[in-house]
$ cat input-v9.txt   # compact mmCIF, C-alpha atoms and all ligand atoms
# COMPACT_ATOMS: atom_id res chain seq x y z
CA MET X 14 0.00 0.00 0.00
CA ASN X 15 1.34 3.44 -0.93
CA HIS X 16 2.02 6.09 1.72
CA ASP X 17 -0.66 8.32 0.18
CA TYR X 18 -3.29 5.59 -0.02
CA PHE X 19 -5.62 7.15 2.60
CA ILE X 20 -5.20 10.69 1.25
CA LYS X 21 -6.08 9.50 -2.23
CA SER X 22 -9.01 7.47 -0.90
CA ALA X 23 -10.40 10.55 0.85
CA LYS X 24 -10.08 12.53 -2.39
CA LYS X 25 -11.94 9.81 -4.31
CA GLN X 26 -14.61 9.67 -1.60
CA GLU X 27 -15.07 13.45 -1.65
CA LYS X 28 -15.31 13.62 -5.43
CA TRP X 29 -17.93 10.89 -5.42
CA ARG X 30 -20.01 11.58 -2.31
CA LEU X 31 -19.65 15.37 -2.23
CA GLN X 32 -19.65 16.29 -5.91
CA GLU X 33 -21.32 13.55 -7.90
CA ALA X 34 -23.76 11.53 -5.81
CA ILE X 35 -27.07 12.68 -4.33
CA ASN X 36 -27.49 11.35 -0.81
CA LEU X 37 -30.94 10.30 0.34
CA LEU X 38 -29.88 8.40 3.47
CA PRO X 39 -31.85 9.67 6.48
CA SER X 40 -28.95 8.91 8.84
CA GLU X 41 -26.51 11.27 7.18
CA ASN X 42 -25.97 14.92 6.40
CA ILE X 43 -23.07 17.18 5.47
CA THR X 44 -21.27 19.77 7.54
CA SER X 45 -20.30 23.33 6.58
CA ASN X 46 -16.71 24.26 5.67
CA GLN X 47 -16.23 25.94 9.05
CA VAL X 48 -17.32 22.77 10.84
CA ARG X 49 -15.04 20.66 8.65
CA SER X 50 -12.07 22.88 9.42
CA LEU X 51 -12.76 22.63 13.17
CA LEU X 52 -12.75 18.85 12.85
CA SER X 53 -9.15 18.96 11.67
CA SER X 54 -8.06 21.58 14.25
CA ASP X 55 -5.62 21.12 17.17
CA PHE X 56 -8.54 20.34 19.49
CA GLY X 57 -8.42 16.86 17.95
CA HIS X 58 -4.99 16.21 19.51
CA ARG X 59 -5.73 17.15 23.10
CA TYR X 60 -6.85 15.75 26.40
CA THR X 61 -8.77 17.33 29.22
CA LEU X 62 -11.34 16.25 31.75
CA PRO X 63 -14.83 17.43 30.84
CA VAL X 64 -16.11 20.51 32.69
CA ASN X 65 -18.10 19.29 35.73
CA ALA X 66 -16.65 15.77 35.47
CA MET X 67 -17.72 13.90 38.59
CA TRP X 68 -16.74 10.83 40.52
CA SER X 69 -18.96 9.57 43.35
CA GLY X 70 -20.65 12.94 43.47
CA ASP X 71 -17.39 14.93 43.81
CA PHE X 72 -15.92 17.14 41.11
CA LEU X 73 -12.74 15.67 39.66
CA GLU X 74 -9.45 17.59 39.65
CA ASN X 75 -8.32 18.17 36.07
CA SER X 76 -4.95 16.41 35.75
CA TYR X 77 -4.18 17.95 32.38
CA ARG X 78 -2.64 21.33 31.61
CA GLY X 79 -2.88 23.43 28.47
CA THR X 80 -6.63 23.06 28.61
CA ARG X 81 -7.74 26.68 28.98
CA ILE X 82 -9.27 27.04 25.53
CA THR X 83 -10.63 23.49 25.44
CA THR X 84 -12.55 24.17 28.64
CA GLU X 85 -13.91 27.42 27.21
CA ILE X 86 -15.21 25.80 24.03
CA GLU X 87 -16.86 22.99 25.96
CA GLU X 88 -18.70 25.48 28.16
CA ALA X 89 -19.68 27.55 25.14
CA ALA X 90 -21.00 24.47 23.29
CA GLU X 91 -23.02 23.36 26.35
CA LYS X 92 -24.50 26.84 26.68
CA LEU X 93 -25.49 26.89 23.00
CA ALA X 94 -27.04 23.41 23.26
CA CYS X 95 -29.14 24.63 26.22
CA GLU X 96 -30.33 27.61 24.15
CA VAL X 97 -31.08 25.66 20.99
CA PHE X 98 -32.93 22.80 22.74
CA ARG X 99 -34.38 24.90 25.57
CA GLY X 100 -32.96 22.90 28.47
CA ARG X 101 -31.13 23.93 31.65
CA HIS X 102 -28.21 21.52 31.26
CA ALA X 103 -26.42 19.96 28.31
CA ILE X 104 -23.64 17.42 27.88
CA VAL X 105 -21.80 17.54 24.57
CA GLN X 106 -19.13 14.87 25.12
CA PRO X 107 -20.90 11.65 24.00
CA LEU X 108 -19.04 10.16 21.05
CA SER X 109 -22.28 9.12 19.35
CA GLY X 110 -26.03 8.79 19.80
CA HIS X 111 -25.53 5.23 21.05
CA VAL X 112 -23.04 6.39 23.69
CA ALA X 113 -25.47 9.16 24.75
CA ALA X 114 -28.18 6.46 25.09
CA MET X 115 -25.88 4.32 27.25
CA ILE X 116 -25.14 7.22 29.61
CA VAL X 117 -28.85 8.08 29.93
CA ILE X 118 -29.97 4.46 30.43
CA LEU X 119 -27.23 3.73 32.96
CA SER X 120 -28.17 6.87 34.93
CA MET X 121 -31.92 6.27 34.95
CA SER X 122 -32.24 2.56 35.73
CA ARG X 123 -30.88 -0.13 38.02
CA LYS X 124 -29.96 -3.77 37.46
CA GLY X 125 -33.02 -5.93 36.84
CA ASP X 126 -35.27 -2.97 35.84
CA LEU X 127 -37.49 -3.00 32.80
CA ILE X 128 -37.11 -0.46 29.99
CA CYS X 129 -39.74 0.10 27.26
CA SER X 130 -39.14 1.51 23.79
CA VAL X 131 -40.54 1.46 20.25
CA PRO X 132 -40.30 -2.14 18.96
CA VAL X 133 -37.58 -2.81 16.40
CA GLU X 134 -40.11 -4.42 14.04
CA ASN X 135 -41.87 -1.03 13.95
CA GLY X 136 -38.71 0.94 13.33
CA GLY X 137 -37.38 1.22 16.89
CA TYR X 138 -33.64 1.40 17.54
CA ASP X 139 -31.89 -1.97 17.65
CA GLY X 140 -29.68 -0.87 20.54
CA TYR X 141 -32.65 -1.00 22.97
CA GLU X 142 -33.42 -4.66 22.18
CA GLU X 143 -32.50 -7.48 24.52
CA GLY X 144 -28.95 -8.49 23.74
CA TYR X 145 -27.63 -4.98 23.26
CA ILE X 146 -27.64 -2.04 25.74
CA PRO X 147 -30.09 -3.72 28.19
CA ASP X 148 -27.80 -6.76 28.33
CA ILE X 149 -24.73 -4.71 29.21
CA PHE X 150 -26.53 -3.12 32.18
CA SER X 151 -28.49 -6.27 33.18
CA LEU X 152 -31.84 -4.72 32.30
CA ARG X 153 -34.94 -6.27 30.80
CA SER X 154 -36.53 -4.65 27.76
CA THR X 155 -39.87 -4.76 26.00
CA GLY X 156 -41.62 -3.00 23.12
CA LEU X 157 -44.38 -0.41 23.49
CA PRO X 158 -47.69 -1.23 21.72
CA PHE X 159 -47.46 0.19 18.20
CA ASP X 160 -50.05 0.91 15.52
CA SER X 161 -48.65 0.34 12.02
CA ARG X 162 -51.59 2.14 10.41
CA SER X 163 -50.73 5.47 12.02
CA HIS X 164 -47.02 4.64 12.43
CA ASN X 165 -47.31 5.73 16.04
CA LEU X 166 -47.86 4.28 19.51
CA LYS X 167 -51.19 2.81 20.62
CA TYR X 168 -51.46 5.28 23.47
CA ASP X 169 -54.27 3.64 25.46
CA GLU X 170 -52.54 0.29 25.40
CA ALA X 171 -49.14 1.83 26.08
CA THR X 172 -50.53 3.63 29.14
CA LYS X 173 -52.07 0.40 30.47
CA MET X 174 -48.87 -1.50 29.83
CA ILE X 175 -46.75 1.08 31.68
CA ARG X 176 -49.12 0.98 34.69
CA LYS X 177 -49.05 -2.81 34.72
CA LYS X 178 -45.39 -3.55 34.03
CA LYS X 179 -43.94 -0.57 35.93
CA PRO X 180 -40.80 0.03 33.87
CA SER X 181 -38.11 2.31 35.25
CA LEU X 182 -37.57 3.95 31.88
CA VAL X 183 -39.71 4.66 28.81
CA ILE X 184 -37.81 5.69 25.67
CA LEU X 185 -39.58 7.46 22.82
CA GLY X 186 -37.89 7.92 19.45
CA ALA X 187 -37.00 5.52 16.64
CA SER X 188 -34.88 4.89 13.59
CA PHE X 189 -37.94 4.89 11.33
CA ILE X 190 -39.69 8.03 12.52
CA LEU X 191 -42.37 9.91 10.61
CA PHE X 192 -44.75 11.49 13.11
CA PRO X 193 -44.39 13.18 16.53
CA TYR X 194 -45.33 11.26 19.68
CA ASP X 195 -48.11 12.31 22.02
CA ILE X 196 -45.79 12.67 25.00
CA GLU X 197 -48.51 14.03 27.25
CA ALA X 198 -50.64 10.95 26.65
CA ILE X 199 -48.18 8.65 28.40
CA ARG X 200 -46.52 11.08 30.79
CA GLY X 201 -49.18 10.58 33.48
CA ALA X 202 -48.76 6.80 33.49
CA CYS X 203 -44.97 7.21 33.73
CA GLU X 204 -45.36 9.59 36.69
CA ASP X 205 -47.80 7.22 38.42
CA VAL X 206 -45.34 4.31 38.40
CA GLY X 207 -42.19 6.41 38.86
CA ALA X 208 -40.87 5.70 35.36
CA SER X 209 -38.56 8.21 33.70
CA LEU X 210 -39.67 9.33 30.25
CA VAL X 211 -36.87 10.16 27.81
CA TYR X 212 -36.68 11.02 24.12
CA ASP X 213 -34.13 9.63 21.68
CA GLY X 214 -34.09 12.38 19.07
CA SER X 215 -31.23 10.88 17.04
CA HIS X 216 -33.09 11.14 13.76
CA VAL X 217 -35.08 14.30 14.31
CA LEU X 218 -32.62 16.41 16.32
CA GLY X 219 -32.14 18.95 13.51
CA LEU X 220 -35.89 19.37 13.18
CA ILE X 221 -36.30 19.81 16.94
CA ALA X 222 -33.46 22.37 16.90
CA GLY X 223 -35.36 24.34 14.25
CA GLY X 224 -38.68 24.17 16.09
CA GLU X 225 -40.28 21.52 13.85
CA PHE X 226 -41.58 18.03 14.66
CA GLN X 227 -42.01 18.47 18.43
CA LYS X 228 -40.49 20.01 21.57
CA PRO X 229 -39.75 16.96 23.73
CA LEU X 230 -38.57 18.79 26.86
CA SER X 231 -41.47 21.22 27.06
CA GLU X 232 -43.95 18.43 26.22
CA GLY X 233 -42.84 16.36 29.22
CA ALA X 234 -39.75 14.30 28.38
CA GLU X 235 -37.11 14.53 31.12
CA VAL X 236 -34.21 14.10 28.73
CA LEU X 237 -33.61 14.71 25.04
CA TYR X 238 -30.56 12.98 23.58
CA GLY X 239 -29.31 11.65 20.27
CA SER X 240 -26.94 11.77 17.34
CA THR X 241 -25.68 15.09 16.04
CA HIS X 242 -25.23 14.09 12.39
CA LYS X 243 -28.55 12.96 10.92
CA SER X 244 -31.19 15.67 10.47
CA PHE X 245 -28.95 17.76 12.80
CA PHE X 246 -26.20 18.68 10.33
CA GLY X 247 -23.22 18.49 12.70
CA PRO X 248 -20.14 16.32 13.16
CA GLN X 249 -20.72 12.65 14.02
CA GLY X 250 -21.38 12.47 17.75
CA GLY X 251 -24.05 12.76 20.42
CA LEU X 252 -25.51 15.14 22.99
CA ILE X 253 -27.82 15.10 26.00
CA VAL X 254 -30.09 17.97 27.17
CA TYR X 255 -32.25 18.06 30.33
CA ASP X 256 -33.47 20.29 33.17
CA SER X 257 -32.92 18.42 36.44
CA ASP X 258 -29.95 19.24 38.70
CA ASP X 259 -30.02 15.75 40.30
CA LEU X 260 -29.88 14.14 36.91
CA ASP X 261 -26.98 16.42 36.02
CA SER X 262 -24.83 14.82 38.75
CA SER X 263 -25.68 11.23 37.85
CA LEU X 264 -25.25 11.71 34.09
CA ARG X 265 -21.84 13.34 34.57
CA LYS X 266 -20.82 10.66 37.06
CA ASN X 267 -21.68 7.92 34.60
CA LEU X 268 -19.96 9.69 31.73
CA THR X 269 -16.38 10.06 32.91
CA TRP X 270 -14.42 6.82 33.44
CA ARG X 271 -17.55 4.70 33.24
CA ILE X 272 -18.74 5.06 29.65
CA MET X 273 -15.94 7.31 28.35
CA ASP X 274 -12.59 8.85 29.25
CA ASN X 275 -11.36 11.64 26.97
CA ALA X 276 -13.91 13.28 24.70
CA HIS X 277 -13.11 14.41 21.15
CA TRP X 278 -12.63 18.14 21.52
CA ASN X 279 -12.37 18.85 17.80
CA ARG X 280 -15.83 17.33 17.45
CA ILE X 281 -17.09 19.45 20.34
CA ALA X 282 -15.76 22.64 18.73
CA ALA X 283 -17.41 21.55 15.47
CA LEU X 284 -20.64 20.80 17.32
CA GLY X 285 -20.52 24.28 18.90
CA GLN X 286 -20.21 25.83 15.44
CA THR X 287 -23.13 23.73 14.18
CA LEU X 288 -25.22 24.83 17.14
CA MET X 289 -24.49 28.44 16.10
CA GLU X 290 -25.62 27.60 12.57
CA MET X 291 -28.76 25.98 13.94
CA LYS X 292 -29.49 28.95 16.17
CA ARG X 293 -29.29 31.30 13.20
CA PHE X 294 -30.60 29.17 10.29
CA GLY X 295 -32.27 26.17 11.97
CA LYS X 296 -35.81 27.41 11.65
CA ASP X 297 -35.65 27.88 7.87
CA TYR X 298 -33.70 24.65 7.42
CA ALA X 299 -36.04 22.46 9.49
CA ARG X 300 -39.15 23.88 7.86
CA GLN X 301 -37.66 23.27 4.41
CA VAL X 302 -36.65 19.69 5.28
CA VAL X 303 -40.21 18.78 6.17
CA LYS X 304 -41.63 20.58 3.11
CA ASN X 305 -39.12 18.78 0.88
CA ALA X 306 -39.89 15.39 2.40
CA ARG X 307 -43.64 15.78 1.94
CA ARG X 308 -43.23 17.14 -1.59
CA PHE X 309 -40.84 14.36 -2.63
CA GLY X 310 -43.36 11.81 -1.35
CA LYS X 311 -46.00 13.43 -3.53
CA GLU X 312 -43.75 13.55 -6.58
CA LEU X 313 -42.78 9.88 -6.24
CA VAL X 314 -46.34 8.68 -5.67
CA GLY X 315 -47.44 10.81 -8.64
CA ARG X 316 -44.99 8.79 -10.74
CA GLY X 317 -46.30 5.47 -9.43
CA PHE X 318 -43.59 4.81 -6.83
CA PRO X 319 -44.97 3.42 -3.55
CA ILE X 320 -44.40 5.70 -0.54
CA MET X 321 -46.37 4.85 2.60
CA TYR X 322 -48.75 7.02 4.63
CA GLU X 323 -49.99 9.22 1.78
CA ASP X 324 -53.27 9.64 3.70
CA LEU X 325 -51.30 11.17 6.58
CA GLY X 326 -49.33 13.52 4.34
CA PHE X 327 -46.45 10.97 4.15
CA THR X 328 -44.38 12.40 6.99
CA ARG X 329 -43.66 15.23 9.39
CA SER X 330 -39.97 14.38 9.62
CA HIS X 331 -37.09 14.18 7.12
CA GLN X 332 -37.96 10.56 6.28
CA LEU X 333 -40.21 8.78 3.81
CA LEU X 334 -40.91 5.05 4.02
CA ILE X 335 -40.99 2.93 0.90
CA ASP X 336 -43.73 0.29 0.67
CA ARG X 337 -41.51 -2.75 0.31
CA LYS X 338 -44.30 -5.15 -0.69
CA ILE X 339 -45.37 -2.98 -3.61
CA VAL X 340 -41.75 -2.46 -4.69
CA ARG X 341 -41.35 -6.22 -4.86
CA LYS X 342 -44.51 -6.57 -6.97
CA LYS X 343 -43.74 -3.65 -9.28
CA TYR X 344 -40.00 -4.01 -9.80
CA HIS X 345 -39.56 -7.69 -8.82
CA LEU X 346 -36.85 -6.53 -6.44
CA SER X 347 -36.28 -6.28 -2.72
CA VAL X 348 -35.63 -2.76 -1.41
CA ASN X 349 -32.06 -3.87 -0.82
CA ASP X 350 -31.66 -4.74 -4.53
CA LEU X 351 -33.39 -1.49 -5.49
CA SER X 352 -30.89 0.49 -3.40
CA ILE X 353 -28.03 -1.29 -5.23
CA LYS X 354 -29.63 -0.43 -8.57
CA LEU X 355 -30.03 3.23 -7.57
CA GLU X 356 -26.42 3.43 -6.41
CA LYS X 357 -25.33 2.60 -9.97
CA SER X 358 -26.77 6.03 -10.82
CA ASP X 359 -25.20 7.62 -7.71
CA LEU X 360 -28.55 7.95 -5.97
CA ILE X 361 -27.93 6.73 -2.43
CA ILE X 362 -30.77 5.32 -0.28
CA ASP X 363 -30.56 2.71 2.46
CA SER X 364 -31.37 -0.98 2.08
CA VAL X 365 -34.23 -0.98 4.59
CA GLY X 366 -36.69 1.26 2.76
CA ARG X 367 -36.11 4.76 4.07
CA ILE X 368 -35.53 7.91 2.03
CA GLY X 369 -34.14 10.99 3.81
CA LEU X 370 -34.45 14.55 2.58
CA ALA X 371 -32.20 16.30 5.11
CA GLU X 372 -28.96 16.34 3.11
CA ILE X 373 -30.48 17.56 -0.15
CA THR X 374 -32.13 20.34 1.85
CA ARG X 375 -28.75 21.32 3.25
CA LEU X 376 -27.47 21.48 -0.32
CA GLY X 377 -30.13 24.09 -0.95
CA MET X 378 -32.78 22.08 -2.82
CA LYS X 379 -36.32 23.38 -2.52
CA GLU X 380 -39.70 21.96 -3.56
CA LYS X 381 -39.26 23.29 -7.11
CA ASP X 382 -36.18 21.08 -7.58
CA LEU X 383 -37.90 17.88 -6.54
CA PRO X 384 -39.83 16.97 -9.71
CA GLU X 385 -36.43 16.72 -11.46
CA LEU X 386 -34.99 14.58 -8.66
CA ALA X 387 -38.10 12.37 -8.71
CA ASP X 388 -37.76 11.92 -12.50
CA LEU X 389 -34.15 10.75 -12.07
CA PHE X 390 -35.12 8.46 -9.20
CA ILE X 391 -37.84 6.79 -11.27
CA GLU X 392 -35.61 6.50 -14.34
CA ALA X 393 -32.96 4.79 -12.21
CA CYS X 394 -35.57 2.44 -10.69
CA ASP X 395 -36.66 1.57 -14.23
CA GLY X 396 -33.10 0.48 -14.96
CA ASN X 397 -31.81 3.50 -16.88
CA ASN X 398 -28.42 4.78 -15.91
CA VAL X 399 -28.80 8.47 -15.06
CA LEU X 400 -25.34 8.98 -13.60
CA LYS X 401 -24.57 12.09 -15.68
CA LYS X 402 -27.93 13.73 -15.01
CA VAL X 403 -27.56 13.08 -11.26
CA LYS X 404 -24.13 14.71 -11.32
CA GLY X 405 -25.54 17.64 -13.31
CA LEU X 406 -28.27 18.20 -10.73
CA ARG X 407 -25.85 17.80 -7.81
CA ASN X 408 -23.47 20.35 -9.28
CA ARG X 409 -26.09 23.06 -9.33
CA PHE X 410 -26.07 23.08 -5.50
CA GLY X 411 -23.52 23.93 -2.82
CA ILE X 412 -24.23 24.20 0.88
CA GLU X 413 -26.73 26.46 2.63
CA TYR X 414 -27.78 27.40 6.18
CA THR X 415 -24.23 28.38 7.11
CA PHE X 416 -22.38 31.65 7.79
C1 LIG I 1 -33.06 6.08 17.06
C2 LIG I 1 -31.58 5.91 17.10
N1 LIG I 1 -30.95 6.02 18.28
C3 LIG I 1 -29.62 5.89 18.39
C4 LIG I 1 -28.84 5.61 17.28
C5 LIG I 1 -27.36 5.47 17.43
O1 LIG I 1 -26.77 6.63 16.96
P1 LIG I 1 -25.21 6.71 16.57
O2 LIG I 1 -25.08 6.04 15.25
O3 LIG I 1 -24.94 8.17 16.56
O4 LIG I 1 -24.46 6.00 17.66
C6 LIG I 1 -29.46 5.47 16.03
C7 LIG I 1 -28.62 5.16 14.86
O5 LIG I 1 -28.99 5.10 13.76
C8 LIG I 1 -30.85 5.62 15.94
O6 LIG I 1 -31.49 5.50 14.77
$ encode --input "input-v9.txt" --output "C-alpha cells"
Amino acid sequence: MNHDYFIKSAKKQEKWRLQEAINLLPSENITSNQVRSLLSSDFGHRYTLPVNAMWSGDFLENSYRGTRITTEIEEAAEKLACEVFRGRHAIVQPLSGHVAAMIVILSMSRKGDLICSVPVENGGYDGYEEGYIPDIFSLRSTGLPFDSRSHNLKYDEATKMIRKKKPSLVILGASFILFPYDIEAIRGACEDVGASLVYDGSHVLGLIAGGEFQKPLSEGAEVLYGSTHKSFFGPQGGLIVYDSDDLDSSLRKNLTWRIMDNAHWNRIAALGQTLMEMKRFGKDYARQVVKNARRFGKELVGRGFPIMYEDLGFTRSHQLLIDRKIVRKKYHLSVNDLSIKLEKSDLIIDSVGRIGLAEITRLGMKEKDLPELADLFIEACDGNNVLKKVKGLRNRFGIEYTF
C-alpha cells in the first residue's frame, strides 16, 4: 500500500459523495466548511477532563494542563445546546447517539429494571433490544404497543402497559420516525409508576433544533438525547439535554471513566459551530426539510412509486418510508436490490426502505427542484443509468444554512 493511499481514498470519496452523488440516506448529512475545518483543528490532539466531570458525586481535579481554551469551548457548546434545545443543562461529550443512550440508560435505571421503547419491528432502535444495551446493564426490555396504520404508539394500550409492568424507563424515538409522539398521553402513566420518560431524538434532532416536529422537553420528556449528524447537520457524535440538577450529577458521574474517558474536543468545537448555525438558520432549514420530504413523497407517488402514509401527508420528519411489498410486486426486487440499482446512478438510499431529505435540503434544494430529482429516481428504478444527469443536478447546489 502506498504512503498516500488514505489521502487519495479521501479525495476519491469526496469527489464521489460530495460532488457527484445525491445522498438520500436519512442517517446522514453534510457539515459546513467551518465545521469541517474545526474537525481537523488542534482540538483533535488534546486531552482534558470534561467541565463538571464527577466521581462519586465529587468534582474531579483536572490532571491535564494546556486546557484553557478546550474548557472554554466545551462550556460555550453546552450553553449553546441549552439555548437551541431549551434545556437547563447539556452534555456535549458523548461520542455518538448510542453512547449518549448508554449514559442516559445507565443513569436512569438499576440492574433488573425493565425499559420500554418502540419495537424494532416497527422501526425502533436496535440498541434497545435485549442483547444490546439492556444486556450490558443487566436490564430487561420490551416494546411499546405500536399501531402500524398510524405509524405511532397505541397510546391507550401503552398507558395500560406502563401501569401494569412498571418500567423504570420509557424511551420514545426511533430509527424509522415519521410522526411526533403524544408525549402528554403517556406522561401521566410514567409519573404514576415512577418511570422516567426520555426522548431519543437521534433522527429528528435537527428538526427539533429548528422548532419543527415536536419540543420533547417542554412536552414532558425529562431528557432529550441523540446523534448530532442525521437531520442535525453536525459532526458525528451525540448530545444530552435536560433540566434536572439531580440528573446532572448522575449523568456526569456515569460519563467520565464509566462510559468514556477523553472526549473528542475537535468534534465538540465543530458541534458548537453547528449549534451556532442551527441557532441562526435552523428554523428555515427544518421547515424546508419537512416541506421537501412531503413534496418528494407526492412527486414519487405521482410517478407510481410506492411511498407509505400518503393519507397522513407521508411524513412530518425528514424521512419517507418505501412500501416494500409494492416495490417487490412492481419491480420484482427487494428494497435492498433497489438500493443497489439506484447506487449505480449515484442515488444513495438505504437498504431498509427509508428515504431521507435532510442532506439535499442542506445542499439548498427546494420543492421546485424535486420533480427533477423524482424523474431521475424513477428512471434509475426503471433500470436506466442516469449517472450524468444526477451529477448535473448535484453540481447546481452547494451548501446552505451556514455563515
Ligand atoms: C433512534 C436511534 N438512536 C440511536 C442511534 C445510534 O446513533 P449513533 O449512530 O450516533 O451511535 C441510532 C442510529 O442510527 C438511531 O437510529
$ closest_atom_pairs --input "input-v9.txt" --of "chain X" --to "ligand LIG 1 (chain I)" --cutoff "7 Å" --atoms "only C-alpha atoms and all ligand atoms" --output "JSON lines"
{"residue": "X:Ser40", "atom": "CA", "partner": "I:LIG1", "partner_atom": "O5", "distance": 6.2}
{"residue": "X:Ser109", "atom": "CA", "partner": "I:LIG1", "partner_atom": "O3", "distance": 4.0}
{"residue": "X:Gly110", "atom": "CA", "partner": "I:LIG1", "partner_atom": "O3", "distance": 3.5}
{"residue": "X:His111", "atom": "CA", "partner": "I:LIG1", "partner_atom": "O4", "distance": 3.6}
{"residue": "X:Val112", "atom": "CA", "partner": "I:LIG1", "partner_atom": "O4", "distance": 6.2}
{"residue": "X:Ala114", "atom": "CA", "partner": "I:LIG1", "partner_atom": "C3", "distance": 6.9}
{"residue": "X:Gly137", "atom": "CA", "partner": "I:LIG1", "partner_atom": "C1", "distance": 6.5}
{"residue": "X:Tyr138", "atom": "CA", "partner": "I:LIG1", "partner_atom": "C1", "distance": 4.7}
{"residue": "X:Gly186", "atom": "CA", "partner": "I:LIG1", "partner_atom": "C1", "distance": 5.7}
{"residue": "X:Ala187", "atom": "CA", "partner": "I:LIG1", "partner_atom": "C1", "distance": 4.0}
{"residue": "X:Ser188", "atom": "CA", "partner": "I:LIG1", "partner_atom": "O6", "distance": 3.6}
{"residue": "X:Asp213", "atom": "CA", "partner": "I:LIG1", "partner_atom": "N1", "distance": 5.9}
{"residue": "X:Gly214", "atom": "CA", "partner": "I:LIG1", "partner_atom": "C1", "distance": 6.7}
{"residue": "X:Ser215", "atom": "CA", "partner": "I:LIG1", "partner_atom": "C2", "distance": 5.0}
{"residue": "X:His216", "atom": "CA", "partner": "I:LIG1", "partner_atom": "O6", "distance": 5.9}
{"residue": "X:Gly239", "atom": "CA", "partner": "I:LIG1", "partner_atom": "C3", "distance": 6.1}
{"residue": "X:Ser240", "atom": "CA", "partner": "I:LIG1", "partner_atom": "O3", "distance": 4.2}
{"residue": "X:Thr241", "atom": "CA", "partner": "I:LIG1", "partner_atom": "O3", "distance": 7.0}
{"residue": "X:Gln249", "atom": "CA", "partner": "I:LIG1", "partner_atom": "O3", "distance": 6.7}
{"residue": "X:Gly250", "atom": "CA", "partner": "I:LIG1", "partner_atom": "O3", "distance": 5.7}
{"residue": "X:Gly251", "atom": "CA", "partner": "I:LIG1", "partner_atom": "O3", "distance": 6.1}
$ atom_distance --input "input-v9.txt" --atom1 "atom CA of Arg375 of chain X" --atom2 "atom CA of Glu87 of chain X"
25.7 Å
$ atom_distance --input "input-v9.txt" --atom1 "atom CA of Ser130 of chain X" --atom2 "atom CA of Leu260 of chain X"
20.4 Å
$ closest_residue --input "input-v9.txt" --among "X:Ile221, X:Leu191, X:Glu41, X:Phe98" --to "Glu323 of chain X" --atoms "all atoms listed in the file"
X:Leu191
$ residues_around --input "input-v9.txt" --residues "segment 201-208 of chain X" --least-positions-apart "6" --cutoff "12 Å" --atoms "all atoms listed in the file" --output "number ranges by chain"
X: 121-123, 126-129, 168-184, 195, 232-235
$ residues_near_point --input "input-v9.txt" --point "(-15.3, 20.1, 34.7)" --cutoff "9 Å" --atoms "only C-alpha atoms" --output "list in words"
Thr61, Leu62, Pro63, Val64, Asn65, Ala66, Met67, Phe72, Leu73, Glu74, Asn75 and Thr84 of chain X
$ closest_residue --input "input-v9.txt" --among "X:Leu346, X:Val133, X:Ala34, X:Ala282" --to "Ser154 of chain X" --atoms "only C-alpha atoms"
X:Val133
$ atom_distance --input "input-v9.txt" --atom1 "atom CA of Lys402 of chain X" --atom2 "atom CA of Lys381 of chain X"
16.8 Å
$ residues_around --input "input-v9.txt" --residues "Phe245 of chain X" --least-positions-apart "3" --cutoff "6 Å" --atoms "all atoms listed in the file" --output "VMD selection string"
chain X and resid 218 to 219 241 to 242
$ residues_near_point --input "input-v9.txt" --point "(-42.7, 2.7, 14.7)" --cutoff "7 Å" --atoms "only C-alpha atoms" --output "PyMOL selection string"
chain X and resi 131-132+135-137+159+161+164-165+187+189-190
$ closest_residue --input "input-v9.txt" --among "X:Ser263, X:Asn279, X:Ser45, X:Thr374" --to "Ser69 of chain X" --atoms "all atoms listed in the file"
X:Ser263
$ residues_around --input "input-v9.txt" --residues "Val399 of chain X" --least-positions-apart "4" --cutoff "8 Å" --atoms "only C-alpha atoms" --output "mmCIF file with C-alpha atoms, in the coordinates of the input"
data_model
loop_
_atom_site.group_PDB
_atom_site.id
_atom_site.type_symbol
_atom_site.label_atom_id
_atom_site.label_comp_id
_atom_site.auth_asym_id
_atom_site.auth_seq_id
_atom_site.Cartn_x
_atom_site.Cartn_y
_atom_site.Cartn_z
ATOM 1 C CA SER X 358 -26.770 6.030 -10.820
ATOM 2 C CA LEU X 389 -34.150 10.750 -12.070
ATOM 3 C CA GLU X 392 -35.610 6.500 -14.340
ATOM 4 C CA ALA X 393 -32.960 4.790 -12.210
ATOM 5 C CA VAL X 403 -27.560 13.080 -11.260
#
$ closest_residue --input "input-v9.txt" --among "X:Phe416, X:Tyr238, X:Phe410, X:Phe318" --to "Arg293 of chain X" --atoms "all atoms listed in the file"
X:Phe416
$ closest_residue --input "input-v9.txt" --among "X:Lys92, X:Arg78, X:Arg101, X:Lys25" --to "Ser257 of chain X" --atoms "only C-alpha atoms"
X:Arg101
$ closest_residue --input "input-v9.txt" --among "X:Pro193, X:Gly285, X:Gly156, X:Pro107" --to "Pro229 of chain X" --atoms "only C-alpha atoms"
X:Pro193
